[in-house]
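Novice: Take this structure, written in C-alpha cells, and hold onto it; I'll ask about it next.
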Amino acid sequence: MYETNQGGRRRRSNNLVVPQANASLQQLKYEAAQELGITIPQDGYYGNMPSREAGSLGGYITKRLVQIAEASIAGQSGK
C-alpha cells in the first residue's frame with residue numbers, strides 16, 4: 001500500500017490492518033528465525049543482517065502466513 005505525502009512522492013506504509021495482531025506476528029518472526037537458525041538483532045536494527053538471512057526469514061514468514069490462511073479457509077468451508 002502506498003500513501004502520498006505533501007510533496008507528491010509516494011511512500012510505503014507498513015501499518016498493520018489489525019494492530020492487535022502485532023504480538024502474534026512478532027512471535028511468529030522469532031519462531032521462524034529459530035527454525036532457520038537466524039539471530040534476530042536485540043536492538044531491532046536489521047541493517048547489519050545479511051540480505052540472504054533477512055530474505056529467508058521474510059519468505060519463511062510469508063509461507064507460514066499463507067499456510068495459516070489456507071488452513072483457516074479450509075476450516076471455514078468445511079462447516
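For the C-alpha cells, the naming scheme is as follows: chains receive sequential letters (A, B, ...) according to their order of presentation, residues are indexed from 1 within each chain, and ligands are indexed from 1 in presentation order.
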DSSP on the backbone, helix (DSSP H, G or I) only: what residues of segment 16-67 of chain A does that give? Format it as a ChimeraX atom specification.
Specialist: /A:19-36,51-67
Novice: Might you pull out every residue within 12 Å of Gly58 of chain A, with only C-alpha atoms counted and same-chain residues fewer than 2 positions away left off, and present them as a PyMOL selection string?
Specialist: chain A and resi 25+28-30+32-33+36+38+51-56+60-65
Novice: I'd like to know which residues of chain A are strand (DSSP E) (by DSSP, run on the backbone); could you write them as JSON, numbers by chain?
Specialist: {"A": [2, 3, 4, 10, 11, 12]}
Novice: How would the residues just picked look written out with C-alpha atoms as a short mmCIF file (atom, residue, chain, number, x, y, z; two decimals), in the first residue's frame?
Specialist:
data_model
loop_
_atom_site.label_atom_id
_atom_site.label_comp_id
_atom_site.auth_asym_id
_atom_site.auth_seq_id
_atom_site.Cartn_x
_atom_site.Cartn_y
_atom_site.Cartn_z
CA TYR A 2 1.31 3.43 -0.89
CA GLU A 3 0.46 6.82 0.56
CA THR A 4 1.27 10.19 -0.95
CA ARG A 10 4.84 8.02 -2.67
CA ARG A 11 5.98 6.34 0.49
CA ARG A 12 5.36 2.83 1.62
#
